[in-house]
$ cat upload_10.tsv   # TSV, C-alpha atoms
chain	number	residue	atom	x	y	z
A	1	MET	CA	0.07	20.49	12.15
A	2	LEU	CA	-2.93	20.65	9.86
A	3	LEU	CA	-4.89	17.53	8.87
A	4	TYR	CA	-7.13	17.50	5.83
A	5	ASP	CA	-9.65	15.20	7.36
A	6	ASN	CA	-13.01	13.49	7.11
A	7	ALA	CA	-14.90	12.44	10.24
A	8	LEU	CA	-16.14	9.15	8.75
A	9	SER	CA	-12.98	8.08	6.95
A	10	GLY	CA	-11.05	5.27	8.57
A	11	ASN	CA	-7.94	6.43	6.73
A	12	CYS	CA	-8.21	9.82	8.47
A	13	TYR	CA	-9.08	8.18	11.78
A	14	LYS	CA	-5.76	6.29	11.72
A	15	VAL	CA	-3.94	9.62	11.90
A	16	ARG	CA	-6.21	11.01	14.62
A	17	LEU	CA	-5.77	7.85	16.71
A	18	LEU	CA	-1.97	7.85	16.51
A	19	ALA	CA	-1.85	11.61	17.17
A	20	SER	CA	-3.92	11.04	20.30
A	21	HIS	CA	-1.58	8.27	21.49
A	22	LEU	CA	1.36	10.60	20.91
A	23	GLY	CA	-0.32	13.65	22.48
A	24	LEU	CA	-0.01	15.64	19.24
A	25	GLU	CA	-2.40	18.50	18.55
A	26	LEU	CA	-3.93	18.48	15.06
A	27	GLU	CA	-5.91	21.26	13.45
A	28	ARG	CA	-8.61	19.47	11.45
A	29	ARG	CA	-10.04	20.69	8.17
A	30	GLU	CA	-13.03	18.63	7.04
A	31	LEU	CA	-13.37	17.61	3.40
A	32	ASP	CA	-16.42	15.98	1.80
A	33	VAL	CA	-15.84	12.38	0.68
A	34	VAL	CA	-18.87	12.18	-1.62
A	35	ASP	CA	-18.78	15.57	-3.37
A	36	ARG	CA	-15.13	15.71	-4.43
A	37	SER	CA	-15.54	18.61	-6.85
A	38	ASN	CA	-13.23	20.89	-4.84
A	39	ARG	CA	-10.45	18.33	-4.41
A	40	ALA	CA	-8.08	19.67	-7.10
A	41	GLU	CA	-8.53	23.21	-5.77
A	42	VAL	CA	-7.91	22.26	-2.11
A	43	LEU	CA	-5.45	19.34	-2.39
A	44	GLY	CA	-3.75	20.07	-5.72
A	45	GLY	CA	-0.03	20.37	-5.06
A	46	LEU	CA	-0.43	18.61	-1.70
A	47	ASN	CA	-1.37	15.08	-2.80
A	48	PRO	CA	-1.07	13.74	-6.37
A	49	ALA	CA	-3.90	11.28	-5.61
A	50	LEU	CA	-6.23	14.05	-4.28
A	51	ARG	CA	-7.28	11.86	-1.34
A	52	VAL	CA	-7.60	12.57	2.38
A	53	PRO	CA	-5.87	12.43	4.78
A	54	VAL	CA	-3.14	14.91	3.99
A	55	LEU	CA	-0.91	16.18	6.78
A	56	VAL	CA	0.62	19.63	6.39
A	57	LEU	CA	3.58	20.31	8.66
A	58	ASP	CA	4.07	23.69	10.30
A	59	ASP	CA	6.70	24.54	7.69
A	60	GLY	CA	4.20	23.88	4.88
A	61	ARG	CA	5.50	20.52	3.65
A	62	ALA	CA	2.68	18.08	2.91
A	63	LEU	CA	2.49	14.32	3.29
A	64	ALA	CA	-0.23	12.09	1.86
A	65	GLU	CA	-1.34	8.44	2.15
A	66	SER	CA	-2.61	7.50	5.61
A	67	ASN	CA	-0.02	4.80	6.22
A	68	ALA	CA	2.86	7.05	5.17
A	69	ILE	CA	1.63	9.67	7.65
A	70	LEU	CA	1.53	6.97	10.34
A	71	TYR	CA	5.08	5.99	9.43
A	72	TYR	CA	6.27	9.60	9.60
A	73	LEU	CA	4.72	10.27	13.01
A	74	ALA	CA	5.59	6.89	14.54
A	75	ASP	CA	9.21	6.34	13.47
A	76	GLY	CA	11.39	6.82	16.53
A	77	THR	CA	8.49	6.25	18.94
A	78	GLU	CA	7.17	3.12	20.65
A	79	TYR	CA	4.60	2.75	17.85
A	80	PHE	CA	7.18	1.64	15.27
A	81	PRO	CA	9.81	-1.04	15.99
A	82	SER	CA	13.52	-0.29	15.96
A	83	GLU	CA	14.67	-3.70	14.66
A	84	GLY	CA	15.01	-4.04	10.89
A	85	PHE	CA	12.97	-7.16	10.22
A	86	GLU	CA	10.15	-6.08	12.54
A	87	ARG	CA	10.11	-2.67	10.83
A	88	ALA	CA	9.64	-4.40	7.50
A	89	GLN	CA	6.92	-6.64	8.96
A	90	VAL	CA	5.00	-3.52	10.01
A	91	VAL	CA	5.38	-2.15	6.47
A	92	GLN	CA	4.14	-5.52	5.15
A	93	TRP	CA	0.89	-5.10	7.11
A	94	LEU	CA	0.54	-1.48	5.98
A	95	MET	CA	0.77	-2.72	2.37
A	96	PHE	CA	-1.68	-5.56	3.02
A	97	GLU	CA	-4.07	-3.00	4.50
A	98	GLN	CA	-4.08	-0.77	1.43
A	99	TYR	CA	-4.07	-3.55	-1.17
A	100	SER	CA	-6.15	-6.41	0.21
A	101	HIS	CA	-8.16	-4.93	3.08
A	102	GLU	CA	-9.14	-1.29	2.52
A	103	PRO	CA	-10.52	-1.59	-1.05
A	104	ASN	CA	-12.66	-4.56	-0.01
A	105	VAL	CA	-13.64	-3.79	3.60
A	106	ALA	CA	-13.80	0.03	3.57
A	107	THR	CA	-15.36	0.48	0.14
A	108	PRO	CA	-18.53	-1.59	0.83
A	109	ARG	CA	-18.98	0.42	4.06
A	110	PHE	CA	-18.64	3.63	2.05
A	111	TRP	CA	-21.18	2.51	-0.54
A	112	LEU	CA	-23.70	1.27	2.05
A	113	HIS	CA	-23.30	4.25	4.39
A	114	PHE	CA	-23.86	6.86	1.71
A	115	GLY	CA	-26.42	4.81	-0.21
A	116	ILE	CA	-24.25	4.86	-3.32
A	117	GLU	CA	-25.75	2.61	-5.99
A	118	VAL	CA	-23.45	-0.11	-7.29
A	119	ASP	CA	-24.05	-3.29	-9.21
A	120	PRO	CA	-24.91	-5.96	-6.58
A	121	SER	CA	-22.36	-8.33	-8.13
A	122	VAL	CA	-19.64	-5.68	-7.69
A	123	LEU	CA	-20.56	-5.25	-4.02
A	124	ALA	CA	-20.68	-9.02	-3.50
A	125	GLU	CA	-17.23	-9.50	-5.08
A	126	ARG	CA	-15.71	-6.81	-2.84
A	127	GLN	CA	-17.32	-8.42	0.20
A	128	ARG	CA	-15.96	-11.82	-0.84
A	129	LEU	CA	-12.42	-10.39	-1.10
A	130	GLY	CA	-12.92	-8.44	2.14
A	131	GLY	CA	-13.88	-11.69	3.85
A	132	LEU	CA	-10.63	-13.27	2.64
A	133	ALA	CA	-8.64	-10.33	4.03
A	134	LEU	CA	-10.42	-10.52	7.38
A	135	ALA	CA	-9.87	-14.28	7.53
A	136	ALA	CA	-6.14	-13.80	6.83
A	137	LEU	CA	-5.97	-11.16	9.56
A	138	ASP	CA	-7.85	-13.42	11.98
A	139	GLU	CA	-5.56	-16.35	11.26
A	140	HIS	CA	-2.45	-14.24	11.82
A	141	LEU	CA	-3.80	-12.87	15.11
A	142	ALA	CA	-4.52	-16.35	16.51
A	143	GLY	CA	-2.12	-16.75	19.43
A	144	ARG	CA	-0.74	-13.25	19.00
A	145	VAL	CA	-1.38	-10.13	21.09
A	146	PHE	CA	-0.67	-7.63	18.32
A	147	LEU	CA	0.27	-7.93	14.65
A	148	VAL	CA	4.06	-7.60	14.89
A	149	GLY	CA	6.39	-8.60	17.72
A	150	ASP	CA	3.51	-8.69	20.19
A	151	ARG	CA	3.77	-4.94	20.58
A	152	TYR	CA	1.09	-2.42	19.61
A	153	SER	CA	2.29	-0.55	16.51
A	154	ILE	CA	1.01	1.43	13.54
A	155	ALA	CA	0.30	-1.94	11.88
A	156	ASP	CA	-2.47	-2.44	14.46
A	157	ILE	CA	-3.67	1.16	14.16
A	158	SER	CA	-3.87	0.86	10.38
A	159	LEU	CA	-5.78	-2.44	10.35
A	160	TYR	CA	-7.99	-1.44	13.27
A	161	ALA	CA	-9.40	1.60	11.50
A	162	TYR	CA	-11.68	-0.22	9.05
A	163	THR	CA	-11.85	-3.60	10.79
A	164	HIS	CA	-13.65	-2.24	13.86
A	165	VAL	CA	-16.41	-0.76	11.65
A	166	ALA	CA	-16.49	-3.65	9.15
A	167	ASP	CA	-20.05	-4.52	10.22
A	168	GLU	CA	-21.13	-1.28	8.49
A	169	GLY	CA	-19.87	-2.85	5.26
A	170	GLY	CA	-21.92	-6.00	5.73
A	171	PHE	CA	-19.23	-8.11	7.43
A	172	ASP	CA	-19.89	-10.26	10.46
A	173	ILE	CA	-16.91	-9.72	12.75
A	174	GLY	CA	-18.50	-12.03	15.29
A	175	GLN	CA	-17.14	-15.03	13.39
A	176	TYR	CA	-13.51	-13.94	13.87
A	177	ALA	CA	-12.63	-14.68	17.50
A	178	SER	CA	-9.01	-13.55	17.28
A	179	ILE	CA	-9.98	-10.28	15.61
A	180	ARG	CA	-12.63	-9.62	18.25
A	181	ALA	CA	-10.16	-10.10	21.12
A	182	TRP	CA	-7.59	-7.90	19.37
A	183	LEU	CA	-10.14	-5.11	18.77
A	184	GLY	CA	-10.73	-5.12	22.52
A	185	ARG	CA	-7.01	-4.83	23.26
A	186	VAL	CA	-6.63	-1.86	20.90
A	187	LYS	CA	-9.52	-0.08	22.62
A	188	GLU	CA	-7.74	-0.39	25.98
A	189	ARG	CA	-4.57	1.39	24.86
A	190	PRO	CA	-3.81	4.68	26.63
A	191	GLY	CA	-4.90	7.64	24.53
A	192	TYR	CA	-7.43	5.61	22.54
A	193	VAL	CA	-10.10	7.74	20.87
A	194	PRO	CA	-13.14	6.47	18.94
A	195	ILE	CA	-13.61	7.16	15.23
A	196	THR	CA	-16.39	9.57	16.16
A	197	GLY	CA	-14.05	11.56	18.42
B	198	MET	CA	17.91	-15.68	0.26
B	199	LEU	CA	15.05	-17.41	-1.50
B	200	LEU	CA	12.52	-15.48	-3.60
B	201	TYR	CA	9.14	-16.96	-4.43
B	202	ASP	CA	8.95	-15.38	-7.83
B	203	ASN	CA	7.17	-15.04	-11.12
B	204	ALA	CA	9.03	-14.01	-14.27
B	205	LEU	CA	6.21	-11.81	-15.59
B	206	SER	CA	5.16	-10.18	-12.32
B	207	GLY	CA	6.21	-6.56	-11.91
B	208	ASN	CA	5.88	-6.99	-8.15
B	209	CYS	CA	8.52	-9.74	-8.25
B	210	TYR	CA	10.66	-7.76	-10.71
B	211	LYS	CA	10.93	-4.93	-8.16
B	212	VAL	CA	12.77	-7.27	-5.81
B	213	ARG	CA	15.01	-8.68	-8.56
B	214	LEU	CA	15.91	-5.15	-9.72
B	215	LEU	CA	16.84	-3.90	-6.26
B	216	ALA	CA	18.76	-7.10	-5.51
B	217	SER	CA	20.75	-6.56	-8.70
B	218	HIS	CA	21.53	-2.96	-7.72
B	219	LEU	CA	22.70	-4.19	-4.32
B	220	GLY	CA	24.64	-7.16	-5.70
B	221	LEU	CA	22.54	-9.63	-3.71
B	222	GLU	CA	22.19	-13.21	-4.87
B	223	LEU	CA	18.64	-14.55	-4.91
B	224	GLU	CA	17.58	-18.14	-5.39
B	225	ARG	CA	14.38	-17.92	-7.45
B	226	ARG	CA	11.47	-20.30	-7.16
B	227	GLU	CA	8.87	-19.74	-9.89
B	228	LEU	CA	5.16	-19.79	-9.04
B	229	ASP	CA	2.29	-19.74	-11.52
B	230	VAL	CA	0.22	-16.53	-11.42
B	231	VAL	CA	-2.79	-17.94	-13.29
B	232	ASP	CA	-3.15	-21.40	-11.75
B	233	ARG	CA	-2.97	-20.52	-8.06
B	234	SER	CA	-4.26	-23.86	-6.79
B	235	ASN	CA	-1.00	-24.65	-4.96
B	236	ARG	CA	-0.70	-21.27	-3.25
B	237	ALA	CA	-1.92	-22.30	0.21
B	238	GLU	CA	0.32	-25.35	0.13
B	239	VAL	CA	3.45	-23.42	-0.94
B	240	LEU	CA	2.93	-20.00	0.65
B	241	GLY	CA	0.70	-20.84	3.64
B	242	GLY	CA	2.49	-19.70	6.77
B	243	LEU	CA	4.78	-17.45	4.70
B	244	ASN	CA	2.32	-14.83	3.45
B	245	PRO	CA	-1.24	-14.36	4.77
B	246	ALA	CA	-2.25	-12.91	1.37
B	247	LEU	CA	-0.80	-15.92	-0.55
B	248	ARG	CA	0.76	-13.60	-3.16
B	249	VAL	CA	4.21	-13.48	-4.70
B	250	PRO	CA	6.81	-12.16	-4.12
B	251	VAL	CA	7.78	-13.66	-0.78
B	252	LEU	CA	11.36	-13.39	0.42
B	253	VAL	CA	12.65	-16.08	2.75
B	254	LEU	CA	15.78	-15.14	4.67
B	255	ASP	CA	18.55	-17.64	5.28
B	256	ASP	CA	17.29	-18.13	8.86
B	257	GLY	CA	13.82	-19.06	7.54
B	258	ARG	CA	11.95	-15.86	8.38
B	259	ALA	CA	9.62	-14.79	5.56
B	260	LEU	CA	8.62	-11.35	4.36
B	261	ALA	CA	5.76	-10.61	1.94
B	262	GLU	CA	4.44	-7.60	-0.01
B	263	SER	CA	6.82	-6.39	-2.72
B	264	ASN	CA	7.18	-2.90	-1.28
B	265	ALA	CA	7.88	-4.18	2.23
B	266	ILE	CA	10.62	-6.41	0.80
B	267	LEU	CA	12.08	-3.35	-0.98
B	268	TYR	CA	11.96	-1.45	2.32
B	269	TYR	CA	13.71	-4.27	4.16
B	270	LEU	CA	16.52	-4.61	1.63
B	271	ALA	CA	16.99	-0.86	1.02
B	272	ASP	CA	16.90	0.62	4.52
B	273	GLY	CA	20.41	1.68	5.41
B	274	THR	CA	21.53	1.76	1.74
B	275	GLU	CA	21.58	4.56	-0.83
B	276	TYR	CA	18.20	3.32	-2.13
B	277	PHE	CA	16.29	4.62	0.90
B	278	PRO	CA	16.76	8.14	2.33
B	279	SER	CA	18.08	8.75	5.83
B	280	GLU	CA	16.10	11.92	6.54
B	281	GLY	CA	12.70	11.45	8.22
B	282	PHE	CA	10.45	13.41	5.91
B	283	GLU	CA	12.04	12.00	2.77
B	284	ARG	CA	11.69	8.48	4.20
B	285	ALA	CA	7.98	9.11	4.65
B	286	GLN	CA	7.73	10.55	1.13
B	287	VAL	CA	9.17	7.30	-0.24
B	288	VAL	CA	6.59	5.34	1.78
B	289	GLN	CA	3.90	7.68	0.39
B	290	TRP	CA	4.84	6.63	-3.16
B	291	LEU	CA	4.98	2.94	-2.17
B	292	MET	CA	1.41	3.29	-0.88
B	293	PHE	CA	0.28	5.17	-3.98
B	294	GLU	CA	1.77	2.39	-6.07
B	295	GLN	CA	-0.19	-0.38	-4.37
B	296	TYR	CA	-3.47	1.54	-4.02
B	297	SER	CA	-3.82	3.75	-7.09
B	298	HIS	CA	-1.35	2.38	-9.63
B	299	GLU	CA	-0.89	-1.39	-9.42
B	300	PRO	CA	-4.59	-2.45	-9.36
B	301	ASN	CA	-5.31	-0.25	-12.38
B	302	VAL	CA	-2.11	-0.42	-14.45
B	303	ALA	CA	-0.87	-3.95	-13.68
B	304	THR	CA	-4.23	-5.70	-13.64
B	305	PRO	CA	-5.27	-4.76	-17.23
B	306	ARG	CA	-1.82	-5.97	-18.39
B	307	PHE	CA	-2.40	-9.24	-16.55
B	308	TRP	CA	-5.85	-9.73	-18.09
B	309	LEU	CA	-4.70	-8.84	-21.61
B	310	HIS	CA	-1.47	-10.84	-21.46
B	311	PHE	CA	-3.12	-14.06	-20.32
B	312	GLY	CA	-6.30	-13.52	-22.34
B	313	ILE	CA	-8.42	-13.57	-19.20
B	314	GLU	CA	-12.00	-12.68	-20.04
B	315	VAL	CA	-13.42	-9.73	-18.14
B	316	ASP	CA	-16.41	-7.49	-18.71
B	317	PRO	CA	-15.24	-4.75	-21.12
B	318	SER	CA	-16.69	-2.08	-18.81
B	319	VAL	CA	-14.59	-3.44	-15.92
B	320	LEU	CA	-11.44	-3.28	-18.05
B	321	ALA	CA	-12.31	0.21	-19.25
B	322	GLU	CA	-12.86	1.47	-15.69
B	323	ARG	CA	-9.49	0.07	-14.56
B	324	GLN	CA	-7.82	1.70	-17.55
B	325	ARG	CA	-9.50	5.02	-16.74
B	326	LEU	CA	-8.22	4.87	-13.14
B	327	GLY	CA	-4.80	3.72	-14.36
B	328	GLY	CA	-4.69	6.73	-16.66
B	329	LEU	CA	-5.35	9.00	-13.66
B	330	ALA	CA	-2.52	7.34	-11.71
B	331	LEU	CA	-0.11	7.70	-14.65
B	332	ALA	CA	-1.12	11.35	-15.11
B	333	ALA	CA	-0.49	12.04	-11.39
B	334	LEU	CA	2.91	10.34	-11.68
B	335	ASP	CA	3.75	12.31	-14.81
B	336	GLU	CA	2.77	15.60	-13.20
B	337	HIS	CA	4.90	14.89	-10.14
B	338	LEU	CA	7.91	13.96	-12.29
B	339	ALA	CA	7.74	17.20	-14.30
B	340	GLY	CA	10.89	19.10	-13.38
B	341	ARG	CA	12.14	16.28	-11.15
B	342	VAL	CA	14.89	13.74	-11.77
B	343	PHE	CA	13.49	11.05	-9.48
B	344	LEU	CA	10.39	10.78	-7.30
B	345	VAL	CA	11.83	11.83	-3.93
B	346	GLY	CA	14.68	14.23	-3.18
B	347	ASP	CA	16.01	13.89	-6.74
B	348	ARG	CA	17.73	10.67	-5.74
B	349	TYR	CA	16.95	7.23	-7.17
B	350	SER	CA	15.20	5.21	-4.46
B	351	ILE	CA	12.85	2.27	-3.97
B	352	ALA	CA	10.00	4.69	-4.78
B	353	ASP	CA	11.33	4.79	-8.35
B	354	ILE	CA	11.94	1.04	-8.45
B	355	SER	CA	8.41	0.34	-7.25
B	356	LEU	CA	6.69	2.68	-9.73
B	357	TYR	CA	8.99	1.70	-12.58
B	358	ALA	CA	8.03	-1.97	-12.44
B	359	TYR	CA	4.56	-1.69	-13.95
B	360	THR	CA	4.89	1.73	-15.58
B	361	HIS	CA	7.56	0.60	-18.04
B	362	VAL	CA	5.30	-2.20	-19.30
B	363	ALA	CA	2.05	-0.20	-19.11
B	364	ASP	CA	1.67	-0.40	-22.90
B	365	GLU	CA	0.94	-4.12	-22.43
B	366	GLY	CA	-2.14	-3.03	-20.43
B	367	GLY	CA	-3.39	-0.77	-23.20
B	368	PHE	CA	-1.82	2.48	-21.95
B	369	ASP	CA	-0.06	4.93	-24.23
B	370	ILE	CA	3.04	6.02	-22.31
B	371	GLY	CA	4.06	8.17	-25.26
B	372	GLN	CA	1.71	10.91	-24.04
B	373	TYR	CA	3.57	11.29	-20.73
B	374	ALA	CA	6.82	13.13	-21.51
B	375	SER	CA	8.08	13.29	-17.93
B	376	ILE	CA	7.43	9.59	-17.37
B	377	ARG	CA	9.25	8.70	-20.59
B	378	ALA	CA	12.36	10.68	-19.61
B	379	TRP	CA	12.30	9.17	-16.11
B	380	LEU	CA	11.99	5.60	-17.50
B	381	GLY	CA	15.16	6.29	-19.48
B	382	ARG	CA	17.00	7.49	-16.37
B	383	VAL	CA	16.04	4.37	-14.42
B	384	LYS	CA	17.34	2.18	-17.24
B	385	GLU	CA	20.76	3.85	-17.02
B	386	ARG	CA	21.29	3.07	-13.34
B	387	PRO	CA	24.24	0.78	-12.54
B	388	GLY	CA	23.06	-2.79	-12.01
B	389	TYR	CA	19.85	-2.30	-13.99
B	390	VAL	CA	18.31	-5.56	-15.22
B	391	PRO	CA	15.26	-5.91	-17.47
B	392	ILE	CA	12.05	-7.59	-16.31
B	393	THR	CA	12.90	-10.53	-18.56
B	394	GLY	CA	16.29	-10.97	-16.86
$ encode --input "upload_10.tsv" --output "structure tokens"
Amino acid sequence: MLLYDNALSGNCYKVRLLASHLGLELERRELDVVDRSNRAEVLGGLNPALRVPVLVLDDGRALAESNAILYYLADGTEYFPSEGFERAQVVQWLMFEQYSHEPNVATPRFWLHFGIEVDPSVLAERQRLGGLALAALDEHLAGRVFLVGDRYSIADISLYAYTHVADEGGFDIGQYASIRAWLGRVKERPGYVPITG
Amino acid sequence: MLLYDNALSGNCYKVRLLASHLGLELERRELDVVDRSNRAEVLGGLNPALRVPVLVLDDGRALAESNAILYYLADGTEYFPSEGFERAQVVQWLMFEQYSHEPNVATPRFWLHFGIEVDPSVLAERQRLGGLALAALDEHLAGRVFLVGDRYSIADISLYAYTHVADEGGFDIGQYASIRAWLGRVKERPGYVPITG
């Protein structure tokens, strides 16, 4: 399988992490996340949103959206539950990740890492919302081992991707004790690879 | 089942529309979407993000995130595919909806409807991104009957919710011929109910 990838992107890292857990080989094709001028040329026809990651199967069919790729690879494995309500709970966290967490935790990291100039009030508002998302995550993890059914799943993989590098977006993860303990548990899973891997 | 609901919210409408297709009875409890001061009190413990909709099952378990509720109710019915790749394609569109479409198509409608003051440049930027999302949707629908596998699914229900009222957010749907035809097809589905229903 071919992954349109970016080494720094947490969304791409989600796919690499799950593939490593599953022992799947991925051919990686790196795309620039700042200069996007070739996106329509490279990803047109593969992803209507022109974003990475995109997974291209060996038969040429393409799948976009990081959490949909996780769902595709994980369904039927130990990384996605078999029971209906738990399945939906995993999807709930995947939706939370893309709506409440990623735009507010990942985007400040992106701006700060690449030195992209934004209005300070825009950055501060994203960080405020990112803090709310992290607090909600921390509260849910209190007394839990993993996000759903106390079993490691793609919900954890999805939320881990940008939470474990949230400090690069100006967040202080040190204040979230339940998140910190959970980050440690994810790192201990067999097949774990770092975002830089 | 009990739905924490709002009559104007497209996210809540998604659940009401699918429930109508499936012939499911929902008890509706209306929450204010402007004055959110009672959210923690009412939704705390039910949804970490404190947003509507939230579905509470008869046994008391709660599910949040509109698209996760759709997934829960549709899996195993004709509104969600049985084949693995098509299932993931539906999830891809659910993710697109919450990341690229809803924040940029629904939010301007929300601001304009309730007369919420925002910086004109902020509104314009959302409308620009919303236009990109609508154009991507329109391009995908060209030559297709429905979003995935030419069968009506929760991908269509999810994208329909805010697309069919996009004019209230300052978008001109008239310019998207494939979207217009698809909106008409959704409206003809058995069990269809309007957002005001």
$ residues_around --input "upload_10.tsv" --residues "A:Gly143" --least-positions-apart "6" --cutoff "12 Å" --atoms "all atoms listed in the file" --output "PyMOL selection string"
chain A and resi 137+149-150+177-179+181-182
$ residues_around --input "upload_10.tsv" --residues "B:Ala259" --least-positions-apart "6" --cutoff "8 Å" --atoms "only C-alpha atoms" --output "list of chain:residue names"
B:Leu243, B:Asn244, B:Val251, B:Leu252, B:Val253
$ write_last_selection --input "upload_10.tsv" --atoms "C-alpha atoms" --output "compact mmCIF listing (two decimals), keeping the file's coordinate frame"
# COMPACT_ATOMS: atom_id res chain seq x y z
CA LEU B 243 4.78 -17.45 4.70
CA ASN B 244 2.32 -14.83 3.45
CA VAL B 251 7.78 -13.66 -0.78
CA LEU B 252 11.36 -13.39 0.42
CA VAL B 253 12.65 -16.08 2.75
$ residues_near_point --input "upload_10.tsv" --point "(16.5, 12.6, -7.9)" --cutoff "12 Å" --atoms "all atoms listed in the file" --output "MDAnalysis selection string"
chainID B and resid 275:278 283 287 338:353 379 382:383 386
$ interface_residues --input "upload_10.tsv" --of "chain A" --to "chain B" --cutoff "6 Å" --atoms "all atoms listed in the file" --output "list of chain:residue names"
A:Pro48, A:Glu65, A:Ala68, A:Tyr72, A:Ala88, A:Val91, A:Gln92, A:Gln98, A:Tyr99, A:Ala136
$ closest_residue --input "upload_10.tsv" --among "A:Leu123, A:Ala40, A:Ile157, A:Leu17" --to "A:Pro194" --atoms "only C-alpha atoms"
A:Leu17
$ atom_distance --input "upload_10.tsv" --atom1 "atom CA of B:Leu200" --atom2 "atom CA of B:Arg225"
4.9 Å
$ residues_near_point --input "upload_10.tsv" --point "(0.9, -0.3, -17.0)" --cutoff "10 Å" --atoms "only C-alpha atoms" --output "CSV table (one decimal) with C-alpha atoms, in the coordinates of the input"
chain,number,residue,atom,x,y,z
B,207,GLY,CA,6.2,-6.6,-11.9
B,298,HIS,CA,-1.4,2.4,-9.6
B,299,GLU,CA,-0.9,-1.4,-9.4
B,300,PRO,CA,-4.6,-2.4,-9.4
B,301,ASN,CA,-5.3,-0.2,-12.4
B,302,VAL,CA,-2.1,-0.4,-14.4
B,303,ALA,CA,-0.9,-4.0,-13.7
B,304,THR,CA,-4.2,-5.7,-13.6
B,305,PRO,CA,-5.3,-4.8,-17.2
B,306,ARG,CA,-1.8,-6.0,-18.4
B,307,PHE,CA,-2.4,-9.2,-16.6
B,324,GLN,CA,-7.8,1.7,-17.6
B,327,GLY,CA,-4.8,3.7,-14.4
B,328,GLY,CA,-4.7,6.7,-16.7
B,330,ALA,CA,-2.5,7.3,-11.7
B,331,LEU,CA,-0.1,7.7,-14.6
B,356,LEU,CA,6.7,2.7,-9.7
B,357,TYR,CA,9.0,1.7,-12.6
B,358,ALA,CA,8.0,-2.0,-12.4
B,359,TYR,CA,4.6,-1.7,-14.0
B,360,THR,CA,4.9,1.7,-15.6
B,361,HIS,CA,7.6,0.6,-18.0
B,362,VAL,CA,5.3,-2.2,-19.3
B,363,ALA,CA,2.0,-0.2,-19.1
B,364,ASP,CA,1.7,-0.4,-22.9
B,365,GLU,CA,0.9,-4.1,-22.4
B,366,GLY,CA,-2.1,-3.0,-20.4
B,367,GLY,CA,-3.4,-0.8,-23.2
B,368,PHE,CA,-1.8,2.5,-22.0
B,369,ASP,CA,-0.1,4.9,-24.2
B,370,ILE,CA,3.0,6.0,-22.3
$ atom_distance --input "upload_10.tsv" --atom1 "atom CA of B:Tyr210" --atom2 "atom CA of B:Thr393"
8.6 Å
$ atom_distance --input "upload_10.tsv" --atom1 "atom CA of A:Phe114" --atom2 "atom CA of A:Glu25"
29.7 Å
$ axis_aligned_box --input "upload_10.tsv" --around "stretch 349-361 of chain B" --padding-each-side "6 Å" --output "AutoDock Vina command-line options"
--center_x 10.8 --center_y 2.6 --center_z -11.0 --size_x 24.4 --size_y 21.2 --size_z 26.1
$ closest_residue --input "upload_10.tsv" --among "B:Leu219, B:Ala204, B:Asp229, B:Pro317" --to "B:Pro387" --atoms "all atoms listed in the file"
B:Leu219
$ build_atoms --input "upload_10.tsv" --residues "stretch 218-228 of chain B" --atoms "N, CA and C atoms" --output "PDB file, in the frame of the given file"
ATOM      1  N   HIS B 218      20.836  -4.196  -8.104  1.00  0.00           N
ATOM      2  CA  HIS B 218      21.530  -2.960  -7.720  1.00  0.00           C
ATOM      3  C   HIS B 218      22.443  -3.192  -6.520  1.00  0.00           C
ATOM      4  N   LEU B 219      21.963  -3.983  -5.567  1.00  0.00           N
ATOM      5  CA  LEU B 219      22.700  -4.190  -4.320  1.00  0.00           C
ATOM      6  C   LEU B 219      23.714  -5.322  -4.413  1.00  0.00           C
ATOM      7  N   GLY B 220      23.724  -6.032  -5.549  1.00  0.00           N
ATOM      8  CA  GLY B 220      24.640  -7.160  -5.700  1.00  0.00           C
ATOM      9  C   GLY B 220      24.283  -8.349  -4.832  1.00  0.00           C
ATOM     10  N   LEU B 221      22.998  -8.498  -4.528  1.00  0.00           N
ATOM     11  CA  LEU B 221      22.540  -9.630  -3.710  1.00  0.00           C
ATOM     12  C   LEU B 221      22.163 -10.810  -4.590  1.00  0.00           C
ATOM     13  N   GLU B 222      22.576 -11.983  -4.173  1.00  0.00           N
ATOM     14  CA  GLU B 222      22.190 -13.210  -4.870  1.00  0.00           C
ATOM     15  C   GLU B 222      20.834 -13.699  -4.368  1.00  0.00           C
ATOM     16  N   LEU B 223      19.953 -14.016  -5.286  1.00  0.00           N
ATOM     17  CA  LEU B 223      18.640 -14.550  -4.910  1.00  0.00           C
ATOM     18  C   LEU B 223      18.452 -15.908  -5.572  1.00  0.00           C
ATOM     19  N   GLU B 224      18.029 -16.874  -4.799  1.00  0.00           N
ATOM     20  CA  GLU B 224      17.580 -18.140  -5.390  1.00  0.00           C
ATOM     21  C   GLU B 224      16.108 -17.924  -5.754  1.00  0.00           C
ATOM     22  N   ARG B 225      15.750 -18.209  -7.010  1.00  0.00           N
ATOM     23  CA  ARG B 225      14.380 -17.920  -7.450  1.00  0.00           C
ATOM     24  C   ARG B 225      13.570 -19.193  -7.587  1.00  0.00           C
ATOM     25  N   ARG B 226      12.376 -19.172  -7.007  1.00  0.00           N
ATOM     26  CA  ARG B 226      11.470 -20.300  -7.160  1.00  0.00           C
ATOM     27  C   ARG B 226      10.192 -19.800  -7.839  1.00  0.00           C
ATOM     28  N   GLU B 227       9.961 -20.261  -9.061  1.00  0.00           N
ATOM     29  CA  GLU B 227       8.870 -19.740  -9.890  1.00  0.00           C
ATOM     30  C   GLU B 227       7.507 -20.291  -9.464  1.00  0.00           C
ATOM     31  N   LEU B 228       6.545 -19.378  -9.297  1.00  0.00           N
ATOM     32  CA  LEU B 228       5.160 -19.790  -9.040  1.00  0.00           C
ATOM     33  C   LEU B 228       4.278 -19.315 -10.185  1.00  0.00           C
TER      34      LEU B 228
END
